[in-house]
file model.txt (compact mmCIF, C-alpha atoms and all ligand atoms)
# COMPACT_ATOMS: atom_id res chain seq x y z
CA MET A 1 40.47 -22.29 -42.06
CA SER A 2 38.81 -23.21 -38.84
CA MET A 3 36.99 -20.46 -37.00
CA THR A 4 37.18 -22.34 -33.75
CA LYS A 5 40.88 -21.50 -33.67
CA ILE A 6 40.04 -17.86 -33.08
CA ASN A 7 40.74 -17.07 -29.49
CA TRP A 8 38.33 -14.31 -28.56
CA TYR A 9 38.88 -14.22 -24.84
CA PRO A 10 41.90 -16.26 -24.07
CA GLY A 11 41.50 -17.83 -20.68
CA HIS A 12 38.83 -15.44 -19.45
CA MET A 13 35.79 -17.08 -20.85
CA LYS A 14 34.69 -18.87 -17.71
CA LYS A 15 35.36 -15.85 -15.53
CA THR A 16 33.38 -13.62 -17.89
CA LYS A 17 30.49 -16.05 -17.82
CA ASP A 18 30.47 -16.13 -14.03
CA ILE A 19 30.54 -12.34 -13.70
CA ILE A 20 27.67 -11.92 -16.13
CA GLN A 21 25.61 -14.51 -14.35
CA GLU A 22 26.27 -12.90 -10.98
CA ASN A 23 25.34 -9.44 -12.27
CA MET A 24 22.29 -10.78 -14.01
CA LYS A 25 20.86 -11.77 -10.63
CA LEU A 26 20.82 -8.14 -9.58
CA VAL A 27 18.86 -6.65 -12.44
CA ASP A 28 15.30 -6.51 -13.71
CA ILE A 29 15.97 -5.57 -17.31
CA VAL A 30 18.77 -6.62 -19.62
CA LEU A 31 19.59 -4.22 -22.44
CA GLU A 32 21.21 -6.33 -25.12
CA VAL A 33 23.07 -4.22 -27.65
CA VAL A 34 23.54 -5.56 -31.18
CA ASP A 35 25.06 -4.02 -34.29
CA ALA A 36 22.41 -3.01 -36.85
CA ARG A 37 24.60 -4.26 -39.70
CA ILE A 38 24.82 -7.75 -38.21
CA PRO A 39 21.91 -8.14 -35.78
CA LEU A 40 22.21 -11.93 -35.78
CA SER A 41 25.98 -12.32 -35.95
CA SER A 42 26.42 -9.83 -33.12
CA LYS A 43 23.97 -11.63 -30.85
CA ASN A 44 25.36 -13.76 -28.10
CA PRO A 45 24.14 -17.36 -28.34
CA ASP A 46 23.75 -17.88 -24.59
CA ILE A 47 21.90 -14.75 -23.57
CA ALA A 48 18.52 -16.47 -23.81
CA ARG A 49 19.62 -18.88 -21.11
CA PHE A 50 21.36 -16.32 -18.91
CA ALA A 51 18.53 -13.85 -18.96
CA LYS A 52 15.60 -16.19 -19.16
CA ASP A 53 13.70 -14.75 -16.20
CA LYS A 54 14.58 -11.14 -17.02
CA LYS A 55 12.88 -8.59 -19.17
CA ARG A 56 14.90 -8.21 -22.32
CA ILE A 57 15.22 -5.24 -24.62
CA ILE A 58 17.28 -5.65 -27.76
CA LEU A 59 18.84 -2.36 -28.76
CA ILE A 60 19.74 -2.29 -32.43
CA ASN A 61 22.62 0.15 -32.21
CA LYS A 62 24.52 1.87 -35.04
CA SER A 63 21.18 2.18 -36.77
CA ASP A 64 22.60 5.28 -38.45
CA LEU A 65 24.51 2.86 -40.71
CA VAL A 66 21.54 0.90 -42.07
CA GLU A 67 18.35 1.81 -43.96
CA LYS A 68 15.13 1.82 -41.95
CA ARG A 69 13.32 -0.97 -43.78
CA GLU A 70 16.09 -3.40 -43.00
CA ILE A 71 16.02 -2.48 -39.33
CA GLN A 72 12.25 -2.89 -39.27
CA PHE A 73 12.68 -6.44 -40.51
CA TRP A 74 14.99 -7.30 -37.63
CA LYS A 75 12.73 -5.69 -35.07
CA ASN A 76 9.87 -7.89 -36.21
CA TYR A 77 12.19 -10.86 -36.40
CA PHE A 78 13.35 -10.55 -32.79
CA ILE A 79 9.84 -10.14 -31.46
CA THR A 80 8.32 -12.90 -33.60
CA ASN A 81 11.04 -15.30 -32.52
CA LYS A 82 10.56 -14.32 -28.88
CA MET A 83 14.13 -13.18 -28.55
CA ALA A 84 13.14 -10.02 -26.72
CA ASP A 85 10.22 -8.37 -24.94
CA GLU A 86 10.90 -5.14 -26.80
CA THR A 87 13.28 -3.87 -29.46
CA LEU A 88 14.43 -0.39 -30.32
CA GLU A 89 16.74 0.97 -32.98
CA ILE A 90 19.17 3.48 -31.52
CA SER A 91 22.37 5.27 -32.30
CA ALA A 92 24.74 5.79 -29.43
CA GLU A 93 26.61 8.04 -31.83
CA THR A 94 23.82 10.44 -32.79
CA GLY A 95 21.62 9.87 -29.74
CA LEU A 96 18.71 8.62 -31.85
CA ASN A 97 15.79 7.23 -29.81
CA LEU A 98 17.40 7.50 -26.41
CA LYS A 99 14.27 9.22 -25.10
CA GLN A 100 12.17 6.36 -26.40
CA LEU A 101 14.46 3.99 -24.54
CA PHE A 102 13.30 5.43 -21.24
CA ALA A 103 9.70 5.05 -22.30
CA LEU A 104 10.35 1.39 -23.10
CA ILE A 105 12.03 0.83 -19.76
CA GLU A 106 8.95 2.28 -18.06
CA LYS A 107 6.69 0.06 -20.12
CA VAL A 108 8.65 -3.11 -19.46
CA SER A 109 8.92 -2.47 -15.74
CA SER A 110 5.39 -1.24 -15.07
CA GLU A 111 4.16 -4.67 -14.05
CA LYS A 112 6.85 -5.11 -11.43
CA LYS A 113 6.27 -1.61 -10.15
CA LYS A 114 2.56 -2.17 -9.70
CA ARG A 115 3.20 -5.44 -7.93
CA MET A 116 5.72 -3.93 -5.54
CA LEU A 117 3.63 -0.86 -4.80
CA ALA A 118 0.65 -3.11 -4.10
CA LYS A 119 2.80 -4.88 -1.56
CA GLY A 120 3.15 -1.61 0.27
CA LEU A 121 6.54 -0.44 -0.93
CA LYS A 122 6.83 3.34 -1.09
CA SER A 123 9.11 3.44 -4.08
CA VAL A 124 10.44 0.90 -6.51
CA THR A 125 13.80 0.98 -8.22
CA VAL A 126 14.28 -0.71 -11.57
CA ARG A 127 17.75 -2.04 -12.22
CA LEU A 128 19.31 -2.33 -15.64
CA MET A 129 22.43 -3.70 -17.17
CA VAL A 130 23.86 -3.34 -20.64
CA VAL A 131 25.31 -6.42 -22.31
CA GLY A 132 26.70 -7.25 -25.73
CA ILE A 133 29.65 -8.62 -27.64
CA PRO A 134 32.73 -6.39 -28.07
CA ASN A 135 32.49 -3.24 -30.13
CA VAL A 136 28.71 -3.01 -30.49
CA GLY A 137 28.67 0.34 -28.67
CA LYS A 138 27.96 -0.55 -25.05
CA SER A 139 30.31 2.06 -23.57
CA ARG A 140 29.10 4.73 -25.96
CA LEU A 141 25.54 4.01 -24.94
CA ILE A 142 26.28 4.06 -21.22
CA ASN A 143 28.15 7.35 -21.57
CA LYS A 144 25.24 8.81 -23.50
CA ILE A 145 22.56 7.83 -21.03
CA VAL A 146 24.59 8.52 -17.94
CA GLY A 147 26.17 11.70 -19.25
CA LYS A 148 23.50 14.37 -19.29
CA ASN A 149 20.73 12.71 -17.39
CA SER A 150 22.79 12.01 -14.36
CA ALA A 151 22.18 15.27 -12.52
CA GLY A 152 21.94 14.15 -8.95
CA VAL A 153 23.75 10.97 -9.76
CA GLU A 154 23.98 8.78 -6.81
CA ASN A 155 26.84 6.33 -6.84
CA LYS A 156 25.90 3.46 -4.68
CA PRO A 157 28.34 0.72 -3.97
CA GLY A 158 27.20 -2.50 -5.56
CA PHE A 159 27.26 -5.97 -4.15
CA THR A 160 30.63 -6.76 -5.63
CA LYS A 161 33.71 -4.67 -5.13
CA GLY A 162 34.12 -2.04 -7.81
CA LYS A 163 30.59 -2.27 -9.04
CA GLN A 164 28.61 0.91 -9.19
CA TRP A 165 25.01 1.75 -9.71
CA VAL A 166 24.26 4.99 -11.41
CA ARG A 167 20.88 6.58 -11.02
CA ILE A 168 19.93 7.61 -14.54
CA ARG A 169 16.36 8.63 -13.78
CA GLU A 170 14.13 8.71 -10.75
CA GLY A 171 13.65 5.04 -9.95
CA ILE A 172 16.01 3.70 -12.62
CA ASP A 173 19.49 2.48 -11.76
CA LEU A 174 22.06 1.32 -14.28
CA LEU A 175 25.09 -0.84 -13.63
CA ASP A 176 27.92 1.37 -14.82
CA THR A 177 30.00 -1.39 -16.40
CA PRO A 178 28.59 -3.38 -19.29
CA GLY A 179 28.65 -7.16 -19.55
CA ILE A 180 30.94 -8.17 -22.34
CA LEU A 181 29.62 -11.27 -24.05
CA TRP A 182 31.27 -13.56 -26.54
CA PRO A 183 30.00 -13.98 -30.08
CA LYS A 184 28.96 -17.27 -31.66
CA PHE A 185 32.15 -19.21 -32.14
CA GLU A 186 31.21 -22.00 -34.41
CA GLU A 187 29.95 -20.50 -37.60
CA GLU A 188 32.50 -19.34 -40.09
CA GLU A 189 30.15 -16.80 -41.60
CA VAL A 190 29.65 -15.11 -38.25
CA GLY A 191 33.41 -14.64 -37.95
CA TYR A 192 33.59 -13.04 -41.37
CA ASN A 193 30.61 -10.81 -40.64
CA LEU A 194 32.26 -9.61 -37.45
CA ALA A 195 35.44 -8.94 -39.38
CA ILE A 196 33.63 -7.03 -42.15
CA VAL A 197 32.06 -4.56 -39.73
CA GLY A 198 35.30 -4.25 -37.79
CA ALA A 199 34.07 -5.93 -34.61
CA ILE A 200 37.18 -8.08 -34.56
CA LYS A 201 40.65 -6.91 -35.48
CA ASP A 202 41.56 -6.90 -39.14
CA GLU A 203 44.52 -9.15 -38.42
CA ILE A 204 42.46 -12.07 -37.12
CA LEU A 205 41.19 -13.19 -40.50
CA PRO A 206 42.96 -12.64 -43.84
CA VAL A 207 41.90 -9.17 -44.95
CA GLU A 208 41.65 -10.01 -48.64
CA GLU A 209 39.39 -12.94 -47.84
CA VAL A 210 37.23 -10.71 -45.63
CA ALA A 211 36.93 -8.20 -48.48
CA CYS A 212 35.98 -10.99 -50.90
CA ARG A 213 33.21 -12.10 -48.57
CA LEU A 214 31.90 -8.56 -48.54
CA ILE A 215 31.95 -8.43 -52.33
CA GLU A 216 30.05 -11.71 -52.45
CA LYS A 217 27.41 -10.33 -50.11
CA ILE A 218 27.14 -7.05 -51.98
CA ARG A 219 26.43 -8.96 -55.19
CA ASN A 220 24.06 -11.49 -53.66
CA TYR A 221 22.02 -8.82 -51.95
CA GLY A 222 21.73 -6.73 -55.09
CA PHE A 223 23.99 -3.81 -54.26
CA TRP A 224 26.39 -4.30 -57.17
CA LYS A 225 25.49 -0.96 -58.74
CA LEU A 226 26.68 0.87 -55.64
CA LEU A 227 30.00 -0.91 -55.77
CA GLN A 228 30.32 -0.31 -59.48
CA LYS A 229 29.76 3.38 -59.09
CA ARG A 230 32.15 3.85 -56.22
CA TYR A 231 35.07 2.03 -57.84
CA LYS A 232 34.44 2.76 -61.51
CA LEU A 233 33.84 -0.91 -62.30
CA LEU A 234 32.55 -1.96 -65.71
CA ASP A 235 29.33 -3.87 -66.38
CA ASP A 236 31.39 -6.85 -67.52
CA ASP A 237 33.24 -6.98 -64.22
CA TYR A 238 30.08 -8.34 -62.63
CA SER A 239 30.71 -11.81 -64.05
CA GLU A 240 34.16 -12.09 -62.47
CA ILE A 241 34.73 -14.10 -59.30
CA ASP A 242 35.02 -12.14 -56.03
CA GLY A 243 38.83 -12.19 -55.97
CA GLU A 244 39.00 -10.86 -59.50
CA ILE A 245 36.66 -8.03 -58.57
CA LEU A 246 39.02 -7.03 -55.80
CA GLU A 247 41.75 -6.87 -58.44
CA LYS A 248 39.51 -4.81 -60.69
CA ILE A 249 38.94 -2.37 -57.86
CA ALA A 250 42.71 -2.05 -57.45
CA LEU A 251 43.07 -1.60 -61.20
CA ARG A 252 40.33 0.98 -61.67
CA MET A 253 41.40 2.92 -58.60
CA GLY A 254 45.02 2.93 -59.70
CA MET A 255 46.29 0.98 -56.72
CA ILE A 256 49.56 -0.21 -58.15
CA LEU A 257 52.64 -1.60 -56.48
CA LYS A 258 56.10 -1.56 -57.98
CA ALA A 259 56.54 -3.38 -61.27
CA ASP A 260 52.94 -2.79 -62.28
CA LYS A 261 51.63 -5.24 -59.73
CA LEU A 262 48.14 -4.47 -58.44
CA ASN A 263 47.88 -3.57 -54.79
CA VAL A 264 45.05 -5.91 -53.90
CA LEU A 265 45.65 -5.56 -50.19
CA GLN A 266 45.10 -1.81 -50.43
CA ALA A 267 41.91 -2.46 -52.37
CA ALA A 268 40.73 -4.80 -49.63
CA TYR A 269 41.39 -2.28 -46.86
CA THR A 270 39.80 0.50 -48.88
CA LEU A 271 36.65 -1.53 -49.55
CA LEU A 272 36.26 -2.43 -45.88
CA ARG A 273 36.91 1.09 -44.70
CA ASP A 274 34.42 2.49 -47.20
CA TYR A 275 31.76 -0.02 -46.19
CA ARG A 276 32.23 0.77 -42.50
CA SER A 277 31.95 4.50 -43.10
CA ILE A 278 28.92 4.05 -45.41
CA LYS A 279 30.71 5.48 -48.46
CA PHE A 280 28.68 3.47 -50.94
CA GLY A 281 25.50 2.43 -49.16
CA LYS A 282 23.67 1.90 -45.90
CA PHE A 283 23.00 -1.80 -45.69
CA GLY A 284 23.65 -4.66 -43.32
CA ILE A 285 25.18 -8.00 -44.19
CA ASP A 286 23.18 -10.48 -42.12
CA ARG A 287 20.33 -12.09 -43.99
CA GLU A 288 17.44 -14.33 -43.14
CA LYS A 289 15.45 -16.00 -45.87
CA LYS A 290 12.52 -13.65 -45.47
CA LEU A 291 14.57 -10.50 -45.59
CA GLU A 292 14.43 -9.31 -49.14
CA VAL A 293 16.14 -5.99 -48.95
CA THR A 294 18.19 -5.36 -52.04
CA GLY A 295 19.76 -2.43 -53.76
CA GLU A 296 17.51 -2.77 -56.80
N1 LIG B 1 28.15 4.84 -36.46
C1 LIG B 1 28.04 4.50 -35.18
N2 LIG B 1 29.12 4.12 -34.49
C2 LIG B 1 28.96 3.77 -33.19
C3 LIG B 1 27.71 3.80 -32.54
N3 LIG B 1 27.88 3.39 -31.27
C4 LIG B 1 29.18 3.12 -31.13
N4 LIG B 1 29.85 3.35 -32.28
C5 LIG B 1 31.29 3.14 -32.52
O1 LIG B 1 31.59 1.78 -32.30
C6 LIG B 1 32.85 1.64 -31.69
C7 LIG B 1 32.74 0.81 -30.44
O2 LIG B 1 32.00 1.51 -29.46
P1 LIG B 1 32.16 1.16 -27.90
O3 LIG B 1 31.15 1.94 -27.16
O4 LIG B 1 33.57 1.28 -27.51
O5 LIG B 1 31.77 -0.39 -27.93
P2 LIG B 1 31.77 -1.41 -26.70
O6 LIG B 1 30.60 -2.29 -26.94
O7 LIG B 1 31.85 -0.71 -25.42
O8 LIG B 1 33.10 -2.24 -26.99
P3 LIG B 1 33.97 -3.09 -25.92
O9 LIG B 1 34.30 -2.19 -24.78
O10 LIG B 1 35.16 -3.50 -26.74
O11 LIG B 1 33.16 -4.28 -25.51
C8 LIG B 1 33.37 3.05 -31.44
O12 LIG B 1 34.26 3.37 -32.48
C9 LIG B 1 32.13 3.90 -31.52
O13 LIG B 1 32.41 5.19 -32.00
C10 LIG B 1 26.56 4.21 -33.32
O14 LIG B 1 25.42 4.26 -32.87
N5 LIG B 1 26.81 4.54 -34.63
MG MG B 2 33.31 -0.78 -23.88

call {"tool": "encode", "arguments": {"input": "model.txt", "output": "structure tokens"}}
result
Amino acid sequence: MSMTKINWYPGHMKKTKDIIQENMKLVDIVLEVVDARIPLSSKNPDIARFAKDKKRIILINKSDLVEKREIQFWKNYFITNKMADETLEISAETGLNLKQLFALIEKVSSEKKKRMLAKGLKSVTVRLMVVGIPNVGKSRLINKIVGKNSAGVENKPGFTKGKQWVRIREGIDLLDTPGILWPKFEEEEVGYNLAIVGAIKDEILPVEEVACRLIEKIRNYGFWKLLQKRYKLLDDDYSEIDGEILEKIALRMGMILKADKLNVLQAAYTLLRDYRSIKFGKFGIDREKKLEVTGE
């Protein structure tokens, strides 16, 4: 099936692009949020171009769902490949590292501040915007950083109607609406990765196929034992093809339809739900050649 047929933002693509580019002009720092389970698949392909003269911080969100060593790999990866000035693993859910985020913002903007103060300005305001593909946690993050720290919040009308700046700290303003970016369209694997983590609706791609892709990844990355334990699979099941393993999960978990037929669809939904709620392990599903994180 062709991934290009997936219509992510029917008709709004150009408009979205324009809005992001307009907003980008107003800020100093772009906070790009990615999903820790799919740091590459959840990265927008065009951000490098849009934000090329901006400071960029990649926030690896949902880091509560992935082991530290895997996240460390991606942090190095983004910096080595010059995809960001800084990276930080956060959790908009638990609040992990949000304090450190402010320290990073200070660090990244210190140059500009010095320059402006040297020019005779009394105070300098740093402007931020949050961007990312759908479902990576942009709104959660904005709520978290605006929420408590916004004592004395000053809502200033922005340049465009409806746009608001929120003062989140002395000298730091945040655009209150995030920029929603589109994911990479072309690669089939990206589509499946987005589906596995639940970043796109379960109905967009066939659920059983999505579950099979997850099984394939679990085996390739060495996490079979975790799967085996969770679903009472046998050692011999390992040699089955992915689709058969889904059937074995249905069998061992007693997911049976009428007339003794296995409920493979239920197995698929169960597997995906369990993965998303870290019921059998905390690992991501994007891989680069050098990332050798396995379950062994
Ligand atoms: N486990 C975990 N879940 C998170 C975290 N951040 C966000 N979520 C969940 O991810 C889902 C999406 O979060 P949102 O903040 O709505 O994501 P968004 O990027 O604003 O999504 P759009 O508005 O669709 O572009 C929600 O169910 C959140 O509860 C996190 O750090 N950890
Ligand atoms: Mg949102």

call {"tool": "residues_near_ligand", "arguments": {"input": "model.txt", "ligand": "ligand LIG 1 (chain B)", "cutoff": "7 Å", "atoms": "only C-alpha atoms and all ligand atoms", "output": "NGL selection string"}}
result
:A and (61-65 or 90-94 or 132-141 or 180)

call {"tool": "closest_residue", "arguments": {"input": "model.txt", "among": "A:Ala267, A:Asp286, A:Val33, A:Asp28", "to": "Asp53 in chain A", "atoms": "only C-alpha atoms"}}
result
A:Asp28

call {"tool": "axis_aligned_box", "arguments": {"input": "model.txt", "around": "range 278-283 of chain A", "padding_each_side": "3 Å", "output": "JSON"}}
result
{"center_x": 26.9, "center_y": 1.8, "center_z": -48.2, "size_x": 13.7, "size_y": 13.3, "size_z": 11.5}

call {"tool": "atom_distance", "arguments": {"input": "model.txt", "atom1": "CA of Ile29 in chain A", "atom2": "CA of Arg127 in chain A"}}
result
6.4 Å

call {"tool": "residues_around", "arguments": {"input": "model.txt", "residues": "Lys82 in chain A", "least_positions_apart": "2", "cutoff": "12 Å", "atoms": "only C-alpha atoms", "output": "list in words"}}
result
Ala48, Lys52, Lys55, Arg56, Ile57, Ile58, Lys75, Asn76, Tyr77, Phe78, Ile79, Thr80, Ala84, Asp85, Glu86 and Thr87 of chain A

call {"tool": "write_last_selection", "arguments": {"input": "model.txt", "atoms": "C-alpha atoms", "output": "mmCIF file, keeping the file's coordinate frame"}}
result
data_model
loop_
_atom_site.group_PDB
_atom_site.id
_atom_site.type_symbol
_atom_site.label_atom_id
_atom_site.label_comp_id
_atom_site.auth_asym_id
_atom_site.auth_seq_id
_atom_site.Cartn_x
_atom_site.Cartn_y
_atom_site.Cartn_z
ATOM 1 C CA ALA A 48 18.520 -16.470 -23.810
ATOM 2 C CA LYS A 52 15.600 -16.190 -19.160
ATOM 3 C CA LYS A 55 12.880 -8.590 -19.170
ATOM 4 C CA ARG A 56 14.900 -8.210 -22.320
ATOM 5 C CA ILE A 57 15.220 -5.240 -24.620
ATOM 6 C CA ILE A 58 17.280 -5.650 -27.760
ATOM 7 C CA LYS A 75 12.730 -5.690 -35.070
ATOM 8 C CA ASN A 76 9.870 -7.890 -36.210
ATOM 9 C CA TYR A 77 12.190 -10.860 -36.400
ATOM 10 C CA PHE A 78 13.350 -10.550 -32.790
ATOM 11 C CA ILE A 79 9.840 -10.140 -31.460
ATOM 12 C CA THR A 80 8.320 -12.900 -33.600
ATOM 13 C CA ALA A 84 13.140 -10.020 -26.720
ATOM 14 C CA ASP A 85 10.220 -8.370 -24.940
ATOM 15 C CA GLU A 86 10.900 -5.140 -26.800
ATOM 16 C CA THR A 87 13.280 -3.870 -29.460
#

call {"tool": "atom_distance", "arguments": {"input": "model.txt", "atom1": "CA of Val130 in chain A", "atom2": "CA of Thr177 in chain A"}}
result
7.7 Å

call {"tool": "atom_distance", "arguments": {"input": "model.txt", "atom1": "CA of Asp46 in chain A", "atom2": "CA of Leu214 in chain A"}}
result
27.0 Å

call {"tool": "residues_around", "arguments": {"input": "model.txt", "residues": "Lys217 in chain A", "least_positions_apart": "5", "cutoff": "12 Å", "atoms": "all atoms listed in the file", "output": "PyMOL selection string"}}
result
chain A and resi 189+192-193+196+210-212+222-224+227+242+275+283-287+294-295

call {"tool": "closest_residue", "arguments": {"input": "model.txt", "among": "A:Glu22, A:Ile38, A:Thr125, A:Val30", "to": "Gly191 in chain A", "atoms": "only C-alpha atoms"}}
result
A:Ile38

call {"tool": "closest_residue", "arguments": {"input": "model.txt", "among": "A:Ile278, A:Ala118, A:Val131, A:Ala195", "to": "ligand MG 2 (chain B)", "atoms": "all atoms listed in the file"}}
result
A:Val131

call {"tool": "closest_residue", "arguments": {"input": "model.txt", "among": "A:Ile142, A:Leu271, A:Val126, A:Ile241", "to": "ligand MG 2 (chain B)", "atoms": "all atoms listed in the file"}}
result
A:Ile142

call {"tool": "residues_around", "arguments": {"input": "model.txt", "residues": "Ile19 in chain A", "least_positions_apart": "4", "cutoff": "10 Å", "atoms": "only C-alpha atoms", "output": "PyMOL selection string"}}
result
chain A and resi 14-15+23-24+160+179-180

call {"tool": "closest_residue", "arguments": {"input": "model.txt", "among": "A:Asn143, A:Val264, A:Val190, A:Arg273", "to": "ligand MG 2 (chain B)", "atoms": "only C-alpha atoms and all ligand atoms"}}
result
A:Asn143

call {"tool": "closest_residue", "arguments": {"input": "model.txt", "among": "A:Gly254, A:Gly281, A:Gly95, A:Gly171", "to": "Gly147 in chain A", "atoms": "only C-alpha atoms"}}
result
A:Gly95
